[in-house]
>>> print(open('data.txt').read())   # compact mmCIF, C-alpha atoms
# COMPACT_ATOMS: atom_id res chain seq x y z
CA MET A 1083 -1.51 -65.33 -47.54
CA THR A 1084 -0.34 -68.40 -45.69
CA LEU A 1085 3.26 -69.48 -45.43
CA MET A 1086 4.11 -73.01 -44.42
CA THR A 1087 7.23 -74.30 -42.69
CA LYS A 1088 8.32 -77.91 -42.54
CA SER A 1089 8.56 -79.59 -39.16
CA PRO A 1090 9.86 -83.11 -38.40
CA ARG A 1091 8.26 -86.04 -40.25
CA GLY A 1092 6.88 -83.72 -42.91
CA ARG A 1093 4.32 -81.95 -40.72
CA ARG A 1094 3.49 -78.38 -41.68
CA ARG A 1095 2.34 -75.45 -39.64
CA SER A 1096 0.75 -72.38 -41.21
CA THR A 1097 0.98 -68.70 -40.54
CA VAL A 1098 -1.74 -66.56 -42.07
CA LEU A 1099 -0.40 -63.26 -43.37
CA SER A 1100 -1.94 -60.22 -44.95
CA ALA A 1101 -1.29 -59.82 -48.67
CA GLY A 1102 0.98 -56.87 -48.01
CA ALA A 1103 3.20 -58.92 -45.70
CA ALA A 1104 3.53 -61.94 -47.97
CA VAL A 1105 6.44 -60.72 -50.07
CA VAL A 1106 8.34 -59.51 -47.01
CA ALA A 1107 7.78 -62.79 -45.17
CA GLY A 1108 8.75 -64.81 -48.22
CA THR A 1109 11.93 -62.80 -48.54
CA VAL A 1110 12.78 -63.47 -44.89
CA LEU A 1111 12.29 -67.22 -45.39
CA CYS A 1112 14.61 -67.08 -48.40
CA SER A 1113 17.20 -64.75 -46.89
CA GLY A 1114 20.65 -65.37 -48.28
CA LEU A 1115 19.28 -66.99 -51.43
CA GLY A 1116 19.30 -63.93 -53.69
CA LEU A 1117 15.69 -62.91 -53.05
CA ALA A 1118 16.32 -59.93 -50.80
CA GLY A 1119 14.66 -56.86 -52.21
CA THR A 1120 11.93 -58.56 -54.20
CA ALA A 1121 9.48 -55.86 -53.20
CA ALA A 1122 11.82 -53.09 -54.33
CA ALA A 1123 12.20 -51.64 -57.81
CA ALA A 1124 15.77 -52.83 -58.37
CA PRO A 1125 16.07 -56.04 -60.42
CA LEU A 1126 17.40 -59.21 -58.85
CA THR A 1127 20.74 -60.70 -59.79
CA HIS A 1128 19.63 -64.20 -60.84
CA ARG A 1129 21.21 -65.31 -64.10
CA ALA A 1130 18.60 -65.59 -66.83
CA ALA A 1131 17.71 -69.12 -67.84
CA THR A 1132 18.73 -69.95 -71.39
CA ALA A 1133 16.85 -71.95 -74.00
CA SER A 1134 14.00 -72.65 -71.59
CA ARG A 1135 11.47 -72.76 -74.45
CA ALA A 1136 13.06 -76.07 -75.39
CA THR A 1137 11.20 -77.90 -72.65
CA THR A 1138 12.76 -80.82 -70.88
CA THR A 1139 11.58 -84.16 -72.20
CA VAL A 1140 9.58 -85.91 -69.50
CA THR A 1141 10.35 -89.62 -69.23
CA PRO A 1142 9.35 -92.15 -66.57
CA ALA A 1143 12.93 -93.41 -66.38
CA ASP A 1144 14.42 -90.30 -64.77
CA GLY A 1145 11.32 -89.14 -62.89
CA GLY A 1146 11.25 -85.92 -64.90
CA THR A 1147 14.46 -84.34 -63.63
CA THR A 1148 17.98 -84.34 -64.98
CA ALA A 1149 19.38 -82.45 -61.97
CA SER A 1150 20.94 -84.02 -58.90
CA ARG A 1151 18.40 -85.17 -56.33
CA SER A 1152 21.01 -84.82 -53.58
CA ASP A 1153 21.83 -81.11 -54.03
CA THR A 1154 19.95 -79.96 -50.95
CA ALA A 1155 21.23 -76.37 -51.10
CA THR A 1156 19.82 -75.81 -54.60
CA GLU A 1157 16.60 -77.60 -53.68
CA HIS A 1158 16.13 -75.36 -50.64
CA ARG A 1159 16.78 -72.27 -52.74
CA ASN A 1160 14.35 -73.42 -55.45
CA GLY A 1161 11.66 -74.13 -52.86
CA CYS A 1162 12.04 -70.67 -51.39
CA ILE A 1163 11.82 -69.04 -54.82
CA VAL A 1164 8.56 -70.83 -55.64
CA ARG A 1165 7.08 -70.20 -52.19
CA THR A 1166 7.87 -66.49 -52.50
CA LEU A 1167 6.40 -66.32 -56.01
CA LEU A 1168 3.14 -67.98 -55.01
CA THR A 1169 2.60 -66.21 -51.70
CA GLY A 1170 3.75 -62.85 -53.05
CA ALA A 1171 1.96 -62.74 -56.41
CA PHE A 1172 -1.30 -64.67 -56.02
CA ALA A 1173 -3.21 -62.07 -54.00
CA SER A 1174 -2.98 -59.44 -56.75
CA PRO A 1175 -1.46 -60.90 -59.91
CA THR A 1176 -2.04 -57.75 -61.97
CA SER A 1177 -0.31 -55.43 -59.50
CA ALA A 1178 3.05 -53.84 -60.17
CA ALA A 1179 4.56 -55.67 -57.18
CA ALA A 1180 3.39 -59.06 -58.49
CA GLN A 1181 4.70 -58.33 -61.95
CA HIS A 1182 8.08 -57.29 -60.54
CA LEU A 1183 8.25 -60.43 -58.40
CA ALA A 1184 7.33 -62.62 -61.36
CA ARG A 1185 10.01 -61.03 -63.53
CA ALA A 1186 12.52 -61.70 -60.77
CA THR A 1187 11.65 -65.39 -60.40
CA VAL A 1188 10.35 -66.53 -63.82
CA ALA A 1189 12.47 -66.72 -66.99
CA PRO A 1190 11.28 -64.47 -69.85
CA ASP A 1191 10.63 -67.50 -72.08
CA ALA A 1192 9.36 -69.91 -69.42
CA VAL A 1193 6.75 -72.40 -70.62
CA THR A 1194 3.38 -72.63 -68.88
CA HIS A 1195 1.77 -75.95 -69.90
CA THR A 1196 -1.73 -74.60 -70.42
CA PRO A 1197 -3.09 -74.37 -73.99
CA GLY A 1198 -2.75 -70.82 -75.26
CA ALA A 1199 -0.77 -69.63 -72.24
CA ALA A 1200 1.68 -66.79 -72.71
CA ALA A 1201 5.38 -67.40 -72.19
CA GLY A 1202 7.34 -66.08 -69.24
CA PRO A 1203 6.05 -64.24 -66.18
CA ALA A 1204 2.81 -63.30 -67.95
CA GLY A 1205 1.82 -66.96 -68.30
CA VAL A 1206 2.30 -67.71 -64.59
CA LEU A 1207 0.45 -64.56 -63.51
CA ALA A 1208 -2.40 -65.33 -65.92
CA GLU A 1209 -2.83 -68.72 -64.22
CA PHE A 1210 -3.06 -67.00 -60.83
CA ALA A 1211 -5.57 -64.48 -62.21
CA ALA A 1212 -7.70 -67.31 -63.65
CA ASP A 1213 -7.67 -69.06 -60.26
CA ARG A 1214 -8.87 -65.90 -58.52
CA LYS A 1215 -11.58 -65.36 -61.13
CA ARG A 1216 -12.79 -68.94 -60.69
CA VAL A 1217 -12.77 -68.64 -56.87
CA PRO A 1218 -13.56 -64.98 -56.09
CA GLY A 1219 -11.80 -63.51 -53.08
CA SER A 1220 -9.47 -66.50 -52.80
CA GLN A 1221 -6.11 -66.69 -51.10
CA ALA A 1222 -3.27 -69.16 -51.59
CA VAL A 1223 -2.91 -71.56 -48.67
CA VAL A 1224 0.11 -73.83 -49.09
CA LYS A 1225 -0.40 -77.28 -47.55
CA HIS A 1226 2.66 -79.23 -48.73
CA LEU A 1227 5.75 -78.22 -50.69
CA ALA A 1228 8.53 -80.39 -52.10
CA ALA A 1229 11.81 -79.60 -53.84
CA ASP A 1230 13.69 -82.44 -55.54
CA GLY A 1231 16.27 -82.08 -58.28
CA ASP A 1232 15.23 -79.15 -60.46
CA LEU A 1233 11.54 -79.59 -59.58
CA VAL A 1234 9.34 -77.91 -56.97
CA ALA A 1235 5.76 -79.04 -56.33
CA VAL A 1236 3.15 -77.25 -54.23
CA HIS A 1237 -0.09 -78.74 -52.88
CA TRP A 1238 -2.31 -75.81 -52.00
CA GLN A 1239 -5.84 -74.58 -51.48
CA ILE A 1240 -7.38 -71.82 -53.57
CA ALA A 1241 -9.32 -70.72 -50.53
CA PRO A 1242 -12.14 -68.18 -50.21
CA ASP A 1243 -11.84 -68.76 -46.45
CA VAL A 1244 -8.40 -69.69 -45.11
CA ARG A 1245 -10.01 -71.23 -42.01
CA ASN A 1246 -12.12 -73.69 -44.00
CA GLU A 1247 -10.49 -76.57 -45.92
CA ARG A 1248 -13.82 -77.59 -47.45
CA ARG A 1249 -14.29 -74.59 -49.75
CA GLY A 1250 -12.68 -73.46 -52.98
CA ASP A 1251 -10.37 -75.57 -55.14
CA ALA A 1252 -7.59 -78.04 -54.45
CA ALA A 1253 -4.49 -77.45 -56.57
CA VAL A 1254 -1.06 -78.85 -57.26
CA ASP A 1255 1.40 -76.71 -59.21
CA LEU A 1256 4.69 -78.05 -60.52
CA PHE A 1257 7.67 -75.86 -61.41
CA ARG A 1258 11.00 -76.60 -63.04
CA LEU A 1259 13.82 -74.19 -62.20
CA ARG A 1260 17.13 -73.51 -63.90
CA ASN A 1261 19.76 -71.05 -62.69
CA GLY A 1262 17.38 -69.76 -60.02
CA LYS A 1263 14.38 -69.07 -62.26
CA VAL A 1264 11.21 -70.93 -63.22
CA VAL A 1265 11.49 -72.30 -66.76
CA GLU A 1266 8.44 -74.60 -66.81
CA HIS A 1267 5.12 -74.58 -64.98
CA TRP A 1268 2.22 -77.05 -64.83
CA SER A 1269 -1.03 -76.38 -62.97
CA LEU A 1270 -3.70 -78.89 -61.89
CA ASP A 1271 -6.84 -78.08 -59.91
CA GLN A 1272 -10.25 -79.45 -59.04
CA PRO A 1273 -13.23 -78.16 -57.07
CA ILE A 1274 -13.38 -79.29 -53.46
CA ALA A 1275 -16.37 -81.59 -53.03
CA THR A 1276 -19.13 -80.27 -50.81
CA GLY A 1277 -21.60 -82.17 -48.65
CA THR A 1278 -21.17 -85.67 -47.28
CA PRO A 1279 -19.66 -87.98 -49.92
CA ALA A 1280 -21.27 -91.32 -50.71
CA SER A 1281 -18.04 -93.02 -49.63
CA GLY A 1282 -18.50 -91.71 -46.10
CA ASN A 1283 -14.95 -90.34 -46.17
CA THR A 1284 -15.00 -87.03 -44.29
CA ASN A 1285 -11.24 -86.38 -44.38
CA THR A 1286 -10.44 -83.06 -46.02
CA MET A 1287 -8.37 -82.98 -49.20
CA PHE A 1288 -5.47 -81.39 -47.31
CA SER A 1289 -5.23 -82.53 -43.69
CA ASP A 1290 -2.22 -84.42 -42.28
CA LEU A 1291 -3.65 -87.27 -40.20
CA TYR A 1292 -1.02 -90.01 -40.03
CA ARG A 1293 0.91 -90.34 -36.80
CA ALA A 1294 3.82 -92.74 -36.62
CA GLY A 1295 3.95 -95.20 -33.76
CA ARG A 1296 7.12 -93.59 -32.45
CA PRO A 1297 9.13 -90.45 -33.28
CA ALA A 1298 11.73 -90.86 -36.01
CA PRO A 1299 14.28 -88.53 -37.61
CA ALA A 1300 13.56 -86.93 -40.95
CA PRO A 1301 14.38 -89.26 -43.86
CA THR A 1302 17.88 -89.06 -45.34
CA GLU A 1303 18.38 -88.32 -49.03
CA ARG A 1304 18.95 -92.04 -49.56
CA GLN A 1305 15.69 -92.88 -47.77
CA GLU A 1306 13.80 -90.24 -49.78
CA GLU A 1307 14.99 -91.85 -53.00
CA HIS A 1308 14.02 -95.30 -51.70
CA ASN A 1309 10.56 -93.95 -50.85
CA ARG A 1310 10.23 -92.43 -54.33
CA THR A 1311 11.10 -95.69 -56.00
CA LEU A 1312 8.63 -97.58 -53.82
CA ALA A 1313 5.71 -95.18 -54.38
CA VAL A 1314 6.26 -94.80 -58.13
CA SER A 1315 6.50 -98.57 -58.53
CA ALA A 1316 3.32 -99.05 -56.50
CA TYR A 1317 1.48 -96.42 -58.55
CA ASP A 1318 2.52 -97.93 -61.88
CA THR A 1319 1.80 -101.48 -60.75
CA LEU A 1320 -1.72 -100.47 -59.76
CA PHE A 1321 -2.70 -97.96 -62.46
CA ARG A 1322 -0.59 -99.12 -65.41
CA ASP A 1323 -0.49 -102.87 -64.84
CA HIS A 1324 -3.78 -103.11 -62.92
CA ASP A 1325 -2.16 -105.51 -60.46
CA VAL A 1326 -4.02 -105.11 -57.16
CA SER A 1327 -1.64 -107.43 -55.30
CA VAL A 1328 0.60 -104.39 -54.77
CA LEU A 1329 -1.96 -103.12 -52.26
CA ASP A 1330 -0.95 -105.96 -49.94
CA ARG A 1331 2.77 -105.31 -50.39
CA ALA A 1332 3.18 -101.54 -50.46
CA PHE A 1333 0.16 -100.07 -48.64
CA ASP A 1334 -0.86 -99.94 -45.00
CA PRO A 1335 -4.23 -101.77 -45.00
CA ALA A 1336 -5.67 -98.84 -43.05
CA TYR A 1337 -3.95 -96.08 -45.05
CA LEU A 1338 -5.55 -92.64 -44.82
CA GLN A 1339 -7.36 -91.47 -47.94
CA HIS A 1340 -8.00 -87.78 -48.76
CA ASN A 1341 -9.94 -88.37 -51.96
CA PRO A 1342 -13.62 -88.13 -50.94
CA VAL A 1343 -14.62 -90.74 -53.54
CA ALA A 1344 -13.01 -93.56 -51.56
CA PRO A 1345 -12.94 -94.47 -47.86
CA ASN A 1346 -9.79 -95.11 -45.88
CA GLY A 1347 -7.97 -98.41 -46.36
CA THR A 1348 -7.10 -100.73 -49.23
CA ALA A 1349 -10.33 -102.73 -49.24
CA ALA A 1350 -12.18 -100.12 -51.31
CA LEU A 1351 -9.45 -100.04 -53.96
CA LYS A 1352 -9.43 -103.82 -54.19
CA GLN A 1353 -13.18 -103.76 -54.69
CA LEU A 1354 -12.96 -100.99 -57.30
CA PHE A 1355 -10.35 -102.76 -59.40
CA GLY A 1356 -12.08 -106.10 -58.94
CA SER A 1357 -15.47 -104.80 -60.07
CA GLY A 1358 -14.73 -105.24 -63.76
CA ALA A 1359 -14.54 -101.50 -64.44
CA GLN A 1360 -12.11 -100.60 -67.22
CA PHE A 1361 -9.38 -98.11 -66.36
CA PRO A 1362 -7.11 -96.74 -69.11
CA ALA A 1363 -3.49 -97.54 -68.31
CA GLN A 1364 -1.59 -94.57 -66.92
CA GLN A 1365 1.82 -94.18 -65.34
CA SER A 1366 3.93 -91.77 -63.34
CA VAL A 1367 6.09 -89.60 -65.61
CA ILE A 1368 7.33 -87.02 -63.07
CA SER A 1369 8.08 -87.74 -59.42
CA LEU A 1370 9.56 -86.00 -56.40
CA SER A 1371 10.44 -87.12 -52.89
CA ASP A 1372 10.90 -84.68 -50.03
CA GLY A 1373 10.64 -85.62 -46.38
CA ASP A 1374 8.29 -88.58 -46.06
CA ILE A 1375 6.05 -87.57 -48.98
CA VAL A 1376 6.41 -88.77 -52.58
CA TRP A 1377 4.68 -86.89 -55.40
CA THR A 1378 3.74 -88.49 -58.73
CA PHE A 1379 2.39 -86.82 -61.87
CA SER A 1380 0.80 -89.16 -64.38
CA GLN A 1381 -0.03 -89.43 -68.07
CA PRO A 1382 -1.69 -92.17 -70.12
CA VAL A 1383 0.70 -94.86 -71.29
CA GLY A 1384 1.92 -93.82 -74.74
CA ALA A 1385 1.24 -90.12 -74.22
CA LYS A 1386 3.44 -87.62 -76.01
CA PRO A 1387 5.80 -85.54 -73.82
CA GLY A 1388 3.74 -82.38 -74.32
CA ASP A 1389 0.38 -83.98 -73.51
CA PRO A 1390 -1.40 -82.74 -70.37
CA LEU A 1391 -0.80 -84.31 -66.98
CA LEU A 1392 -3.75 -86.41 -65.81
CA ALA A 1393 -3.35 -86.15 -62.06
CA ALA A 1394 -1.06 -85.36 -59.16
CA ASP A 1395 -0.83 -87.87 -56.29
CA LEU A 1396 0.94 -87.50 -52.96
CA PHE A 1397 1.89 -90.53 -50.86
CA ARG A 1398 3.22 -90.46 -47.32
CA VAL A 1399 5.69 -93.33 -46.91
CA ASP A 1400 6.79 -94.55 -43.49
CA GLY A 1401 8.37 -97.85 -42.54
CA GLY A 1402 8.32 -99.10 -46.12
CA LEU A 1403 4.55 -98.67 -46.53
CA ILE A 1404 2.27 -96.02 -48.02
CA ARG A 1405 0.35 -94.61 -45.04
CA GLU A 1406 -1.54 -91.61 -46.45
CA HIS A 1407 -2.67 -90.33 -49.85
CA TRP A 1408 -3.84 -87.04 -51.36
CA ASP A 1409 -4.57 -86.25 -55.01
CA VAL A 1410 -5.75 -83.58 -57.42
CA VAL A 1411 -7.49 -84.79 -60.57
CA PRO A 1412 -8.63 -82.02 -62.95
CA THR A 1413 -12.19 -82.53 -64.09
CA SER A 1414 -11.23 -81.63 -67.66
>>> encode(input="data.txt", output="structure tokens")
Amino acid sequence: MTLMTKSPRGRRRSTVLSAGAAVVAGTVLCSGLGLAGTAAAAPLTHRAATASRATTTVTPADGGTTASRSDTATEHRNGCIVRTLLTGAFASPTSAAAQHLARATVAPDAVTHTPGAAAGPAGVLAEFAADRKRVPGSQAVVKHLAADGDLVAVHWQIAPDVRNERRGDAAVDLFRLRNGKVVEHWSLDQPIATGTPASGNTNTMFSDLYRAGRPAPAPTERQEEHNRTLAVSAYDTLFRDHDVSVLDRAFDPAYLQHNPVAPNGTAALKQLFGSGAQFPAQQSVISLSDGDIVWTFSQPVGAKPGDPLLAADLFRVDGGLIREHWDVVPTS
């Protein structure tokens, strides 16, 4: 297992742990948040979420959350709960310890947005089991994690080798929490491309490459919300309205690209949208901002609330410009 901790300007550092140590380490990170004893037989004291099967309606207007985006204490607690669930249950999702942890952190009627998925802890654990079946011997390596409002998003590698970012699958999982338990879960993943891409882009799908010109303090809550508004507007202007002029206003011309299909910089996107290719209009329907990274989750314009998410995109925003981009686009 790998646990990640946030450092200034959104940088992450990883600590690789054995599977047996993951739950203990996750509990330490979340000490004081009601997660002590997750590896023991006694149940936790979280209040059960109520009416979680009535899923929250996702609308672009509110960014997918109805909770306060300035409640940092709850956000921190939610992030710790999700981190502990992922790092503690992924290695052996059918084990008694994983099932106990899932019952402690997932509401009995939680919705997993995968067709045919079971409700509650079983649905989340089944997703983990499917990931491990698809990538044998894999471990969960968390690259970025955000908590905003009642949402927590995790950008992670389903890694057969934790030392190699170019193997396995790239994934983004999104969780909604209520009263300290997961009540909704979305999962997006795609195979990591192998070989040298035609674009010539050799950045991995996970690495943090941007370095600001000078050190700066972590963004305030107000700045995070400003960044979210900027990135969501830029995404919708480009992918919903197909207006490429936003690339000159909101993007660093040399922004760092972690999608192997495209090289760094805005020139390639301008060329792509100017080539005459037809792109169905899509828009951000869920968004989070934490540190200097904004996360958007998109659907086609006119999609129903329960329709699948098309993609997850992460944008690093600094100095009023998008400087770096990662994404996960399921092949299905």
>>> closest_residue(input="data.txt", among="A:Val1234, A:Ala1359, A:Val1367, A:Ala1298", to="A:Leu1392", atoms="all atoms listed in the file")
A:Val1367
>>> residues_around(input="data.txt", residues="stretch 1264-1275 of chain A", least_positions_apart="6", cutoff="6 Å", atoms="only C-alpha atoms", output="count of residues only")
17
>>> closest_residue(input="data.txt", among="A:Ala1313, A:Ala1363, A:Ala1280, A:Val1343", to="A:Ala1385", atoms="all atoms listed in the file")
A:Ala1363
>>> atom_distance(input="data.txt", atom1="atom CA of A:Ser1220", atom2="atom CA of A:Ala1241")
4.8 Å
>>> closest_residue(input="data.txt", among="A:Pro1390, A:Ala1228, A:Asp1334, A:Val1223", to="A:Ala1294", atoms="only C-alpha atoms")
A:Asp1334
>>> closest_residue(input="data.txt", among="A:Ser1327, A:Ser1152, A:Thr1284, A:Gln1381", to="A:Asn1346", atoms="only C-alpha atoms")
A:Thr1284
>>> atom_distance(input="data.txt", atom1="atom CA of A:Gly1262", atom2="atom CA of A:Leu1233")
11.4 Å
>>> residues_around(input="data.txt", residues="stretch 1153-1156 of chain A", least_positions_apart="6", cutoff="10 Å", atoms="all atoms listed in the file", output="list in words")
Leu1115, Cys1162, Ala1229, Asp1230, Gly1231, Asp1232, Leu1259, Arg1260, Asn1261, Gly1262 and Glu1303 of chain A
>>> closest_residue(input="data.txt", among="A:Gly1373, A:Ser1281, A:Asp1400, A:Glu1306", to="A:Leu1351", atoms="all atoms listed in the file")
A:Ser1281
>>> closest_residue(input="data.txt", among="A:Leu1396, A:Asp1325, A:Gly1401, A:Thr1311", to="A:Arg1296", atoms="only C-alpha atoms")
A:Gly1401
>>> atom_distance(input="data.txt", atom1="atom CA of A:Thr1319", atom2="atom CA of A:Thr1286")
26.6 Å
>>> residues_around(input="data.txt", residues="A:Thr1276", least_positions_apart="3", cutoff="9 Å", atoms="all atoms listed in the file", output="list in words")
Arg1248, Arg1249, Pro1273 and Pro1279 of chain A
>>> axis_aligned_box(input="data.txt", around="stretch 1344-1354 of chain A", padding_each_side="4 Å", output="AutoDock Vina command-line options")
--center_x -10.1 --center_y -98.7 --center_z -51.6 --size_x 14.1 --size_y 18.3 --size_z 19.4
>>> residues_around(input="data.txt", residues="stretch 1207-1209 of chain A", least_positions_apart="5", cutoff="9 Å", atoms="all atoms listed in the file", output="PyMOL selection string")
chain A and resi 1171-1172+1175-1176+1180-1181+1184+1194+1196+1199-1200+1214+1269
>>> residues_near_point(input="data.txt", point="(5.2, -81.5, -50.0)", cutoff="8 Å", atoms="only C-alpha atoms", output="ChimeraX atom specification")
/A:1092,1225-1229,1235-1237,1372-1373,1375-1377,1396
>>> residues_around(input="data.txt", residues="A:Asp1290", least_positions_apart="3", cutoff="10 Å", atoms="all atoms listed in the file", output="list in words")
Gly1092, Arg1093, Arg1094, Lys1225, His1226, Asn1285, Thr1286, Met1287, Arg1293, Leu1338, His1340, Arg1398, Glu1406, His1407 and Trp1408 of chain A
>>> write_last_selection(input="data.txt", atoms="C-alpha atoms", output="mmCIF file, in the coordinates of the input")
data_model
loop_
_atom_site.group_PDB
_atom_site.id
_atom_site.type_symbol
_atom_site.label_atom_id
_atom_site.label_comp_id
_atom_site.auth_asym_id
_atom_site.auth_seq_id
_atom_site.Cartn_x
_atom_site.Cartn_y
_atom_site.Cartn_z
ATOM 1 C CA GLY A 1092 6.880 -83.720 -42.910
ATOM 2 C CA ARG A 1093 4.320 -81.950 -40.720
ATOM 3 C CA ARG A 1094 3.490 -78.380 -41.680
ATOM 4 C CA LYS A 1225 -0.400 -77.280 -47.550
ATOM 5 C CA HIS A 1226 2.660 -79.230 -48.730
ATOM 6 C CA ASN A 1285 -11.240 -86.380 -44.380
ATOM 7 C CA THR A 1286 -10.440 -83.060 -46.020
ATOM 8 C CA MET A 1287 -8.370 -82.980 -49.200
ATOM 9 C CA ARG A 1293 0.910 -90.340 -36.800
ATOM 10 C CA LEU A 1338 -5.550 -92.640 -44.820
ATOM 11 C CA HIS A 1340 -8.000 -87.780 -48.760
ATOM 12 C CA ARG A 1398 3.220 -90.460 -47.320
ATOM 13 C CA GLU A 1406 -1.540 -91.610 -46.450
ATOM 14 C CA HIS A 1407 -2.670 -90.330 -49.850
ATOM 15 C CA TRP A 1408 -3.840 -87.040 -51.360
#
>>> decode(input="data.txt", residues="stretch 1314-1362 of chain A", atoms="C-alpha atoms", output="PDB file, in the first residue's frame")
ATOM      1  CA  VAL A1314     -14.752  24.636 -14.716  1.00  0.00           C
ATOM      2  CA  SER A1315     -15.474  27.639 -16.917  1.00  0.00           C
ATOM      3  CA  ALA A1316     -12.427  26.881 -19.059  1.00  0.00           C
ATOM      4  CA  TYR A1317     -13.442  23.226 -19.405  1.00  0.00           C
ATOM      5  CA  ASP A1318     -17.014  24.054 -20.409  1.00  0.00           C
ATOM      6  CA  THR A1319     -15.940  26.801 -22.799  1.00  0.00           C
ATOM      7  CA  LEU A1320     -13.625  24.384 -24.576  1.00  0.00           C
ATOM      8  CA  PHE A1321     -15.572  21.108 -24.511  1.00  0.00           C
ATOM      9  CA  ARG A1322     -19.175  22.332 -24.400  1.00  0.00           C
ATOM     10  CA  ASP A1323     -18.938  25.528 -26.438  1.00  0.00           C
ATOM     11  CA  HIS A1324     -15.936  24.484 -28.553  1.00  0.00           C
ATOM     12  CA  ASP A1325     -14.452  27.954 -28.126  1.00  0.00           C
ATOM     13  CA  VAL A1326     -10.668  27.570 -28.416  1.00  0.00           C
ATOM     14  CA  SER A1327     -10.020  31.209 -27.531  1.00  0.00           C
ATOM     15  CA  VAL A1328     -10.167  30.150 -23.875  1.00  0.00           C
ATOM     16  CA  LEU A1329      -6.793  28.468 -24.370  1.00  0.00           C
ATOM     17  CA  ASP A1330      -5.229  31.919 -24.712  1.00  0.00           C
ATOM     18  CA  ARG A1331      -7.008  33.282 -21.638  1.00  0.00           C
ATOM     19  CA  ALA A1332      -6.976  30.481 -19.077  1.00  0.00           C
ATOM     20  CA  PHE A1333      -4.045  28.197 -19.974  1.00  0.00           C
ATOM     21  CA  ASP A1334      -0.290  28.564 -19.712  1.00  0.00           C
ATOM     22  CA  PRO A1335       0.864  28.209 -23.352  1.00  0.00           C
ATOM     23  CA  ALA A1336       3.412  25.648 -22.146  1.00  0.00           C
ATOM     24  CA  TYR A1337       1.102  23.826 -19.718  1.00  0.00           C
ATOM     25  CA  LEU A1338       2.154  20.291 -18.787  1.00  0.00           C
ATOM     26  CA  GLN A1339       0.046  17.510 -20.272  1.00  0.00           C
ATOM     27  CA  HIS A1340      -0.220  14.004 -18.745  1.00  0.00           C
ATOM     28  CA  ASN A1341      -2.471  12.536 -21.407  1.00  0.00           C
ATOM     29  CA  PRO A1342      -0.123  10.644 -23.762  1.00  0.00           C
ATOM     30  CA  VAL A1343      -2.323  11.449 -26.771  1.00  0.00           C
ATOM     31  CA  ALA A1344      -1.296  15.116 -26.738  1.00  0.00           C
ATOM     32  CA  PRO A1345       2.023  16.910 -26.261  1.00  0.00           C
ATOM     33  CA  ASN A1346       2.614  19.679 -23.750  1.00  0.00           C
ATOM     34  CA  GLY A1347       1.260  23.142 -24.499  1.00  0.00           C
ATOM     35  CA  THR A1348      -1.885  24.643 -26.001  1.00  0.00           C
ATOM     36  CA  ALA A1349      -0.805  24.493 -29.642  1.00  0.00           C
ATOM     37  CA  ALA A1350      -1.833  20.848 -30.000  1.00  0.00           C
ATOM     38  CA  LEU A1351      -5.312  21.503 -28.602  1.00  0.00           C
ATOM     39  CA  LYS A1352      -5.793  24.457 -30.923  1.00  0.00           C
ATOM     40  CA  GLN A1353      -4.831  22.254 -33.842  1.00  0.00           C
ATOM     41  CA  LEU A1354      -7.121  19.434 -32.698  1.00  0.00           C
ATOM     42  CA  PHE A1355     -10.180  21.659 -32.355  1.00  0.00           C
ATOM     43  CA  GLY A1356      -9.330  23.512 -35.548  1.00  0.00           C
ATOM     44  CA  SER A1357      -8.992  20.334 -37.615  1.00  0.00           C
ATOM     45  CA  GLY A1358     -12.709  20.046 -38.303  1.00  0.00           C
ATOM     46  CA  ALA A1359     -13.153  16.991 -36.089  1.00  0.00           C
ATOM     47  CA  GLN A1360     -16.573  16.804 -34.447  1.00  0.00           C
ATOM     48  CA  PHE A1361     -16.647  16.538 -30.659  1.00  0.00           C
ATOM     49  CA  PRO A1362     -19.951  15.897 -28.859  1.00  0.00           C
TER      50      PRO A1362
END
